[in-house]
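Have a look at query_5.pdb below; it lists PDB, C-alpha atoms and all ligand atoms.
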```
ATOM      1  CA  MET A   1     117.478  59.421 140.353  1.00  0.00           C
ATOM      2  CA  THR A   2     120.300  58.338 138.110  1.00  0.00           C
ATOM      3  CA  LEU A   3     123.064  60.603 136.934  1.00  0.00           C
ATOM      4  CA  THR A   4     121.577  60.595 133.424  1.00  0.00           C
ATOM      5  CA  GLU A   5     118.182  61.692 134.780  1.00  0.00           C
ATOM      6  CA  ALA A   6     119.869  64.476 136.772  1.00  0.00           C
ATOM      7  CA  VAL A   7     121.741  65.740 133.703  1.00  0.00           C
ATOM      8  CA  ILE A   8     118.563  65.690 131.618  1.00  0.00           C
ATOM      9  CA  GLY A   9     116.748  67.550 134.400  1.00  0.00           C
ATOM     10  CA  LEU A  10     119.459  70.240 134.467  1.00  0.00           C
ATOM     11  CA  LEU A  11     119.282  70.616 130.696  1.00  0.00           C
ATOM     12  CA  VAL A  12     115.513  71.101 130.855  1.00  0.00           C
ATOM     13  CA  VAL A  13     115.944  73.781 133.534  1.00  0.00           C
ATOM     14  CA  ALA A  14     118.706  75.482 131.509  1.00  0.00           C
ATOM     15  CA  VAL A  15     116.537  75.593 128.383  1.00  0.00           C
ATOM     16  CA  ALA A  16     113.589  76.945 130.372  1.00  0.00           C
ATOM     17  CA  VAL A  17     115.715  79.694 131.976  1.00  0.00           C
ATOM     18  CA  GLY A  18     117.238  80.553 128.608  1.00  0.00           C
ATOM     19  CA  GLY A  19     113.771  80.874 127.092  1.00  0.00           C
ATOM     20  CA  ALA A  20     112.596  83.081 129.946  1.00  0.00           C
ATOM     21  CA  LEU A  21     115.649  85.351 129.569  1.00  0.00           C
ATOM     22  CA  GLN A  22     115.090  85.613 125.829  1.00  0.00           C
ATOM     23  CA  ALA A  23     111.429  86.523 126.381  1.00  0.00           C
ATOM     24  CA  THR A  24     112.499  89.181 128.891  1.00  0.00           C
ATOM     25  CA  THR A  25     115.047  90.575 126.427  1.00  0.00           C
ATOM     26  CA  VAL A  26     112.460  90.759 123.642  1.00  0.00           C
ATOM     27  CA  ALA A  27     109.996  92.491 125.952  1.00  0.00           C
ATOM     28  CA  ARG A  28     112.686  95.015 126.986  1.00  0.00           C
ATOM     29  CA  LEU A  29     113.603  95.723 123.355  1.00  0.00           C
ATOM     30  CA  GLU A  30     109.933  96.271 122.531  1.00  0.00           C
ATOM     31  CA  THR A  31     109.692  98.722 125.430  1.00  0.00           C
ATOM     32  CA  ILE A  32     112.760 100.609 124.183  1.00  0.00           C
ATOM     33  CA  ALA A  33     111.297 100.711 120.665  1.00  0.00           C
ATOM     34  CA  ALA A  34     107.998 102.071 122.012  1.00  0.00           C
ATOM     35  CA  ASP A  35     109.898 104.654 124.086  1.00  0.00           C
ATOM     36  CA  ASP A  36     111.924 105.703 121.027  1.00  0.00           C
ATOM     37  CA  ARG A  37     108.756 106.087 118.949  1.00  0.00           C
ATOM     38  CA  ALA A  38     107.216 108.246 121.677  1.00  0.00           C
ATOM     39  CA  VAL A  39     110.313 110.488 121.788  1.00  0.00           C
ATOM     40  CA  ALA A  40     110.393 110.656 117.980  1.00  0.00           C
ATOM     41  CA  ARG A  41     106.703 111.586 117.828  1.00  0.00           C
ATOM     42  CA  SER A  42     107.259 114.277 120.452  1.00  0.00           C
ATOM     43  CA  LEU A  43     110.227 115.761 118.546  1.00  0.00           C
ATOM     44  CA  ILE A  44     108.340 115.709 115.242  1.00  0.00           C
ATOM     45  CA  THR A  45     105.285 117.312 116.860  1.00  0.00           C
ATOM     46  CA  ALA A  46     107.470 120.087 118.312  1.00  0.00           C
ATOM     47  CA  LEU A  47     108.933 120.854 114.896  1.00  0.00           C
ATOM     48  CA  HIS A  48     105.511 120.628 113.260  1.00  0.00           C
ATOM     49  CA  THR A  49     104.252 123.207 115.766  1.00  0.00           C
ATOM     50  CA  GLN A  50     107.067 125.545 114.731  1.00  0.00           C
ATOM     51  CA  LEU A  51     106.391 124.982 111.033  1.00  0.00           C
ATOM     52  CA  SER A  52     102.663 125.555 111.500  1.00  0.00           C
ATOM     53  CA  ALA A  53     103.398 129.083 112.708  1.00  0.00           C
ATOM     54  CA  LEU A  54     105.193 129.931 109.447  1.00  0.00           C
ATOM     55  CA  ARG A  55     103.656 131.287 106.253  1.00  0.00           C
ATOM     56  CA  TYR A  56     102.901 129.016 103.330  1.00  0.00           C
ATOM     57  CA  ARG A  57     104.951 131.222 100.984  1.00  0.00           C
ATOM     58  CA  ASP A  58     107.927 133.506 101.545  1.00  0.00           C
ATOM     59  CA  PRO A  59     106.684 137.041 102.299  1.00  0.00           C
ATOM     60  CA  GLN A  60     109.590 138.757 100.504  1.00  0.00           C
ATOM     61  CA  SER A  61     110.213 136.507  97.540  1.00  0.00           C
ATOM     62  CA  ALA A  62     108.093 135.470  94.602  1.00  0.00           C
ATOM     63  CA  PHE A  63     110.592 132.711  93.914  1.00  0.00           C
ATOM     64  CA  THR A  64     108.766 129.403  94.212  1.00  0.00           C
ATOM     65  CA  ALA A  65     111.671 126.985  94.573  1.00  0.00           C
ATOM     66  CA  LEU A  66     111.587 124.918  97.759  1.00  0.00           C
ATOM     67  CA  GLY A  67     114.159 125.611 100.475  1.00  0.00           C
ATOM     68  CA  PRO A  68     115.621 128.735 102.055  1.00  0.00           C
ATOM     69  CA  ASP A  69     115.615 131.788  99.816  1.00  0.00           C
ATOM     70  CA  ALA A  70     118.746 133.829  99.087  1.00  0.00           C
ATOM     71  CA  GLY A  71     120.143 135.369 102.232  1.00  0.00           C
ATOM     72  CA  GLU A  72     118.103 133.201 104.580  1.00  0.00           C
ATOM     73  CA  SER A  73     119.542 131.023 107.290  1.00  0.00           C
ATOM     74  CA  THR A  74     119.864 127.323 106.698  1.00  0.00           C
ATOM     75  CA  THR A  75     120.792 126.629 110.300  1.00  0.00           C
ATOM     76  CA  GLY A  76     117.353 126.140 111.813  1.00  0.00           C
ATOM     77  CA  PRO A  77     113.838 127.280 112.595  1.00  0.00           C
ATOM     78  CA  ALA A  78     114.858 130.668 114.009  1.00  0.00           C
ATOM     79  CA  GLY A  79     115.811 131.863 110.518  1.00  0.00           C
ATOM     80  CA  TRP A  80     112.792 130.535 108.644  1.00  0.00           C
ATOM     81  CA  ASP A  81     109.902 132.723 107.485  1.00  0.00           C
ATOM     82  CA  ASP A  82     107.958 130.222 105.406  1.00  0.00           C
ATOM     83  CA  VAL A  83     107.308 126.527 105.707  1.00  0.00           C
ATOM     84  CA  ASP A  84     109.513 125.297 102.872  1.00  0.00           C
ATOM     85  CA  ASP A  85     112.590 127.013 104.317  1.00  0.00           C
ATOM     86  CA  ALA A  86     112.876 123.756 106.282  1.00  0.00           C
ATOM     87  CA  HIS A  87     113.427 121.742 103.101  1.00  0.00           C
ATOM     88  CA  GLY A  88     116.722 119.872 103.353  1.00  0.00           C
ATOM     89  CA  TRP A  89     117.317 120.849 106.974  1.00  0.00           C
ATOM     90  CA  THR A  90     118.683 118.371 109.504  1.00  0.00           C
ATOM     91  CA  GLY A  91     118.942 119.153 113.191  1.00  0.00           C
ATOM     92  CA  MET A  92     116.877 119.438 116.357  1.00  0.00           C
ATOM     93  CA  PRO A  93     113.960 121.763 117.055  1.00  0.00           C
ATOM     94  CA  THR A  94     115.065 124.596 119.295  1.00  0.00           C
ATOM     95  CA  ILE A  95     112.103 124.353 121.649  1.00  0.00           C
ATOM     96  CA  VAL A  96     112.970 120.918 122.991  1.00  0.00           C
ATOM     97  CA  THR A  97     115.951 119.481 124.729  1.00  0.00           C
ATOM     98  CA  ALA A  98     117.002 116.029 123.658  1.00  0.00           C
ATOM     99  CA  THR A  99     120.045 113.885 123.820  1.00  0.00           C
ATOM    100  CA  SER A 100     122.553 114.474 121.078  1.00  0.00           C
ATOM    101  CA  ASP A 101     121.964 111.189 119.298  1.00  0.00           C
ATOM    102  CA  TRP A 102     118.536 112.345 118.086  1.00  0.00           C
ATOM    103  CA  SER A 103     118.118 114.255 114.850  1.00  0.00           C
ATOM    104  CA  LEU A 104     115.325 115.372 112.565  1.00  0.00           C
ATOM    105  CA  ALA A 105     115.423 115.681 108.791  1.00  0.00           C
ATOM    106  CA  VAL A 106     112.880 117.638 106.765  1.00  0.00           C
ATOM    107  CA  SER A 107     111.838 117.311 103.165  1.00  0.00           C
ATOM    108  CA  VAL A 108     109.233 119.535 101.542  1.00  0.00           C
ATOM    109  CA  THR A 109     107.602 118.863  98.192  1.00  0.00           C
ATOM    110  CA  PHE A 110     104.705 120.316  96.296  1.00  0.00           C
ATOM    111  CA  ALA A 111     101.757 117.939  96.444  1.00  0.00           C
ATOM    112  CA  ASN A 112      99.090 117.273  93.872  1.00  0.00           C
ATOM    113  CA  ALA A 113      96.022 119.117  95.149  1.00  0.00           C
ATOM    114  CA  ALA A 114      93.616 116.406  93.963  1.00  0.00           C
ATOM    115  CA  SER A 115      95.797 113.563  95.211  1.00  0.00           C
ATOM    116  CA  PRO A 116      98.074 114.819  98.024  1.00  0.00           C
ATOM    117  CA  ALA A 117     100.084 111.588  98.235  1.00  0.00           C
ATOM    118  CA  VAL A 118     101.424 112.356  94.757  1.00  0.00           C
ATOM    119  CA  SER A 119     104.247 114.872  94.486  1.00  0.00           C
ATOM    120  CA  ALA A 120     104.155 117.718  92.001  1.00  0.00           C
ATOM    121  CA  VAL A 121     107.082 119.445  90.331  1.00  0.00           C
ATOM    122  CA  THR A 122     105.614 122.952  90.394  1.00  0.00           C
ATOM    123  CA  GLU A 123     103.579 125.076  92.786  1.00  0.00           C
ATOM    124  CA  THR A 124     100.112 123.608  93.390  1.00  0.00           C
ATOM    125  CA  GLY A 125      99.008 125.521  96.462  1.00  0.00           C
ATOM    126  CA  LEU A 126      99.729 122.449  98.605  1.00  0.00           C
ATOM    127  CA  LYS A 127     103.004 121.435 100.248  1.00  0.00           C
ATOM    128  CA  ARG A 128     103.783 118.063 101.824  1.00  0.00           C
ATOM    129  CA  ILE A 129     106.250 118.223 104.694  1.00  0.00           C
ATOM    130  CA  SER A 130     107.983 115.004 105.648  1.00  0.00           C
ATOM    131  CA  VAL A 131     109.857 114.857 108.947  1.00  0.00           C
ATOM    132  CA  THR A 132     112.052 111.887 109.843  1.00  0.00           C
ATOM    133  CA  ALA A 133     113.336 111.320 113.366  1.00  0.00           C
ATOM    134  CA  ARG A 134     116.544 109.321 113.780  1.00  0.00           C
ATOM    135  CA  ARG A 135     118.302 108.046 116.846  1.00  0.00           C
ATOM    136  CA  GLY A 136     121.889 107.725 115.753  1.00  0.00           C
ATOM    137  CA  GLN A 137     121.680 106.385 112.215  1.00  0.00           C
ATOM    138  CA  ARG A 138     118.444 104.470 112.856  1.00  0.00           C
ATOM    139  CA  VAL A 139     115.182 105.864 111.475  1.00  0.00           C
ATOM    140  CA  ILE A 140     112.636 105.715 114.284  1.00  0.00           C
ATOM    141  CA  LEU A 141     109.645 107.481 112.749  1.00  0.00           C
ATOM    142  CA  THR A 142     108.629 109.511 109.684  1.00  0.00           C
ATOM    143  CA  GLU A 143     105.497 111.627 109.648  1.00  0.00           C
ATOM    144  CA  GLU A 144     104.048 113.780 106.885  1.00  0.00           C
ATOM    145  CA  PHE A 145     101.940 116.918 107.077  1.00  0.00           C
ATOM    146  CA  LEU A 146     100.136 118.890 104.424  1.00  0.00           C
ATOM    147  CA  ARG A 147     100.090 122.656 104.273  1.00  0.00           C
ATOM    148  CA  ALA A 148      97.771 124.515 101.916  1.00  0.00           C
ATOM    149  CA  THR A 149      98.021 128.059 100.700  1.00  0.00           C
ATOM    150  CA  PRO A 150      95.619 130.266 102.666  1.00  0.00           C
TER     151      PRO A 150
HETATM  152 CA    CA B   1     111.815 131.906 103.252  1.00  0.00          CA
END
```
Could you rewrite the structure in this file as C-alpha cells?
Ligand SMILES: [Ca+2]
Amino acid sequence: MTLTEAVIGLLVVAVAVGGALQATTVARLETIAADDRAVARSLITALHTQLSALRYRDPQSAFTALGPDAGESTTGPAGWDDVDDAHGWTGMPTIVTATSDWSLAVSVTFANAASPAVSAVTETGLKRISVTARRGQRVILTEEFLRATP
C-alpha cells in the first residue's frame, strides 16, 4: 500500500464515520421532536380537560364578548367559570407539573355553525378553542377544539 492509497483510505473512513454521526444526530433530533410533541399533546389535553368542565357561557353575565368578564381572574383556570375565559391566557395548566420552559397559549373565537373552520364575529352557539404549546419560543403543537352551546 502506498502512502497515497493509505491517505485515500483514511479519507473514506473519515467520510463514512462523519455520515454515521450525522445520521445518529438526525435520529436523535427526531426523537427529541417526537418527545416534545408527546409532552405538548399531554399538556394541551390536560388543559382541554379543564376547559371541558366549564360552561359554554358565563353563568352570571349576559355579555357575549370573549375573554374573562369584569371582575374575573385572568391568571388561570382556577378563576374561570366559562370556556372563553381562557381567551388570551398564556401559562401552564395547574393540574400538571412541567418544566418552566413550556407554556400554553389559548385563543377562543366564535365559529360558523355550518362551517366550523370559519370564524364568526358574533355569537353562533359554537366556540373554537385553539391551544398552542411552546417550548421556549418554539411552537411545538397547536390543537383546536369545538364547544357548542348545550
Ligand atoms: Ca366567565
Spatial neighbours of Thr122 (chain A), max dist 12 Å, all atoms listed in the file, sep filter under 5 positions, as a PyMOL selection string: chain A and resi 63-66+109-113+127
Restricting it to C-alpha atoms, dump the selection as an mmCIF file, in the frame of the given file.
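Final output, saved to out-v2.cif:
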```cif
data_model
loop_
_atom_site.group_PDB
_atom_site.id
_atom_site.type_symbol
_atom_site.label_atom_id
_atom_site.label_comp_id
_atom_site.auth_asym_id
_atom_site.auth_seq_id
_atom_site.Cartn_x
_atom_site.Cartn_y
_atom_site.Cartn_z
ATOM 1 C CA PHE A 63 110.592 132.711 93.914
ATOM 2 C CA THR A 64 108.766 129.403 94.212
ATOM 3 C CA ALA A 65 111.671 126.985 94.573
ATOM 4 C CA LEU A 66 111.587 124.918 97.759
ATOM 5 C CA THR A 109 107.602 118.863 98.192
ATOM 6 C CA PHE A 110 104.705 120.316 96.296
ATOM 7 C CA ALA A 111 101.757 117.939 96.444
ATOM 8 C CA ASN A 112 99.090 117.273 93.872
ATOM 9 C CA ALA A 113 96.022 119.117 95.149
ATOM 10 C CA LYS A 127 103.004 121.435 100.248
#
```
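Taking CA of Ala33 (chain A) as the reference point, CA of Thr90 (chain A) is found at 22.2 Å.
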Distance of CA of Ser61 (chain A) from CA of Ser107 (chain A), expressed in Å to one decimal place: 20.1 Å
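Across the chains present, the PyMOL selection byres (((chain A and resi 145) around 9) and not hetatm) applied to this file returns His48, Lys127, Arg128, Ile129, Ser130, Val131, Glu143, Glu144, Leu146 and Arg147 of chain A.
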Give me, as JSON lines, the closest atom pair and its distance (Å, one decimal) for every residue of chain A within a cut-off of 9 Å of ligand CA 1 (chain B), counting all atoms listed in the file, rows sorted by chain and rising number.
```
{"residue": "A:Arg55", "atom": "CA", "partner": "B:CA1", "partner_atom": "CA", "distance": 8.7}
{"residue": "A:Arg57", "atom": "CA", "partner": "B:CA1", "partner_atom": "CA", "distance": 7.3}
{"residue": "A:Asp58", "atom": "CA", "partner": "B:CA1", "partner_atom": "CA", "distance": 4.5}
{"residue": "A:Pro59", "atom": "CA", "partner": "B:CA1", "partner_atom": "CA", "distance": 7.3}
{"residue": "A:Gln60", "atom": "CA", "partner": "B:CA1", "partner_atom": "CA", "distance": 7.7}
{"residue": "A:Ser61", "atom": "CA", "partner": "B:CA1", "partner_atom": "CA", "distance": 7.5}
{"residue": "A:Leu66", "atom": "CA", "partner": "B:CA1", "partner_atom": "CA", "distance": 8.9}
{"residue": "A:Gly67", "atom": "CA", "partner": "B:CA1", "partner_atom": "CA", "distance": 7.3}
{"residue": "A:Pro68", "atom": "CA", "partner": "B:CA1", "partner_atom": "CA", "distance": 5.1}
{"residue": "A:Asp69", "atom": "CA", "partner": "B:CA1", "partner_atom": "CA", "distance": 5.1}
{"residue": "A:Ala70", "atom": "CA", "partner": "B:CA1", "partner_atom": "CA", "distance": 8.3}
{"residue": "A:Glu72", "atom": "CA", "partner": "B:CA1", "partner_atom": "CA", "distance": 6.6}
{"residue": "A:Ser73", "atom": "CA", "partner": "B:CA1", "partner_atom": "CA", "distance": 8.8}
{"residue": "A:Gly79", "atom": "CA", "partner": "B:CA1", "partner_atom": "CA", "distance": 8.3}
{"residue": "A:Trp80", "atom": "CA", "partner": "B:CA1", "partner_atom": "CA", "distance": 5.6}
{"residue": "A:Asp81", "atom": "CA", "partner": "B:CA1", "partner_atom": "CA", "distance": 4.7}
{"residue": "A:Asp82", "atom": "CA", "partner": "B:CA1", "partner_atom": "CA", "distance": 4.7}
{"residue": "A:Val83", "atom": "CA", "partner": "B:CA1", "partner_atom": "CA", "distance": 7.4}
{"residue": "A:Asp84", "atom": "CA", "partner": "B:CA1", "partner_atom": "CA", "distance": 7.0}
{"residue": "A:Asp85", "atom": "CA", "partner": "B:CA1", "partner_atom": "CA", "distance": 5.1}
{"residue": "A:Ala86", "atom": "CA", "partner": "B:CA1", "partner_atom": "CA", "distance": 8.8}
```
Contact residues around Ala105 (chain A) with only C-alpha atoms at 10 Å, ignoring same-chain residues under 4 positions, as a PyMOL selection string: chain A and resi 44+86-92+130-134+142
Interatomic distance, CA of Ser103 (chain A) to CA of Ala40 (chain A) (Å, one decimal): 9.1 Å
Proximity to Val39 (chain A) - best of A:Leu104, A:Met1, A:Ile8, A:Ala117, only C-alpha atoms: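 Going through A:Leu104, A:Met1, A:Ile8, A:Ala117 one by one, the smallest distance to Val39 (chain A) is for A:Leu104.
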As AutoDock Vina command-line options, please report the centre and edge lengths, rounded to one decimal in Å, of the axis-aligned box that holds all listed atoms of region 136-145 of chain A with 5 Å of padding on each of the six sides.
```
--center_x 111.9 --center_y 110.7 --center_z 111.3 --size_x 29.9 --size_y 22.4 --size_z 18.9
```
A:Ser100, A:Tyr56, A:Ile140, A:Thr74 ranked by distance to Gly125 (chain A), top pick (using only C-alpha atoms):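 Under the stated criterion, the closest residue is A:Tyr56.
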Reconstructed region 116-134 of chain A, atom set N, CA and C atoms, as a CSV table (one decimal), in the frame of the given file:
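Writing the result to result.csv gives the following:
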```csv
chain,number,residue,atom,x,y,z
A,116,PRO,N,96.9,114.3,97.3
A,116,PRO,CA,98.1,114.8,98.0
A,116,PRO,C,99.2,113.8,98.2
A,117,ALA,N,99.0,112.5,98.1
A,117,ALA,CA,100.1,111.6,98.2
A,117,ALA,C,101.0,111.6,97.1
A,118,VAL,N,100.6,112.3,96.0
A,118,VAL,CA,101.4,112.4,94.8
A,118,VAL,C,102.2,113.7,94.8
A,119,SER,N,103.5,113.6,94.5
A,119,SER,CA,104.2,114.9,94.5
A,119,SER,C,104.0,115.6,93.2
A,120,ALA,N,104.2,116.9,93.2
A,120,ALA,CA,104.2,117.7,92.0
A,120,ALA,C,105.5,118.5,91.8
A,121,VAL,N,105.8,118.8,90.6
A,121,VAL,CA,107.1,119.4,90.3
A,121,VAL,C,107.0,121.0,90.5
A,122,THR,N,105.8,121.5,90.3
A,122,THR,CA,105.6,123.0,90.4
A,122,THR,C,104.6,123.3,91.5
A,123,GLU,N,104.5,124.6,91.8
A,123,GLU,CA,103.6,125.1,92.8
A,123,GLU,C,102.1,124.7,92.5
A,124,THR,N,101.5,124.1,93.5
A,124,THR,CA,100.1,123.6,93.4
A,124,THR,C,99.2,124.2,94.4
A,125,GLY,N,99.8,125.0,95.4
A,125,GLY,CA,99.0,125.5,96.5
A,125,GLY,C,98.9,124.5,97.6
A,126,LEU,N,99.7,123.4,97.5
A,126,LEU,CA,99.7,122.4,98.6
A,126,LEU,C,101.2,121.9,98.7
A,127,LYS,N,101.7,121.9,100.0
A,127,LYS,CA,103.0,121.4,100.2
A,127,LYS,C,102.9,120.2,101.2
A,128,ARG,N,103.7,119.2,100.9
A,128,ARG,CA,103.8,118.1,101.8
A,128,ARG,C,105.1,118.1,102.5
A,129,ILE,N,105.1,118.1,103.9
A,129,ILE,CA,106.2,118.2,104.7
A,129,ILE,C,106.5,116.9,105.3
A,130,SER,N,107.6,116.3,105.1
A,130,SER,CA,108.0,115.0,105.6
A,130,SER,C,109.1,115.2,106.7
A,131,VAL,N,108.9,114.7,107.9
A,131,VAL,CA,109.9,114.9,108.9
A,131,VAL,C,110.2,113.5,109.4
A,132,THR,N,111.5,113.2,109.4
A,132,THR,CA,112.1,111.9,109.8
A,132,THR,C,112.9,112.1,111.1
A,133,ALA,N,112.6,111.3,112.1
A,133,ALA,CA,113.3,111.3,113.4
A,133,ALA,C,114.3,110.1,113.4
A,134,ARG,N,115.5,110.4,113.7
A,134,ARG,CA,116.5,109.3,113.8
A,134,ARG,C,117.2,109.3,115.2
```
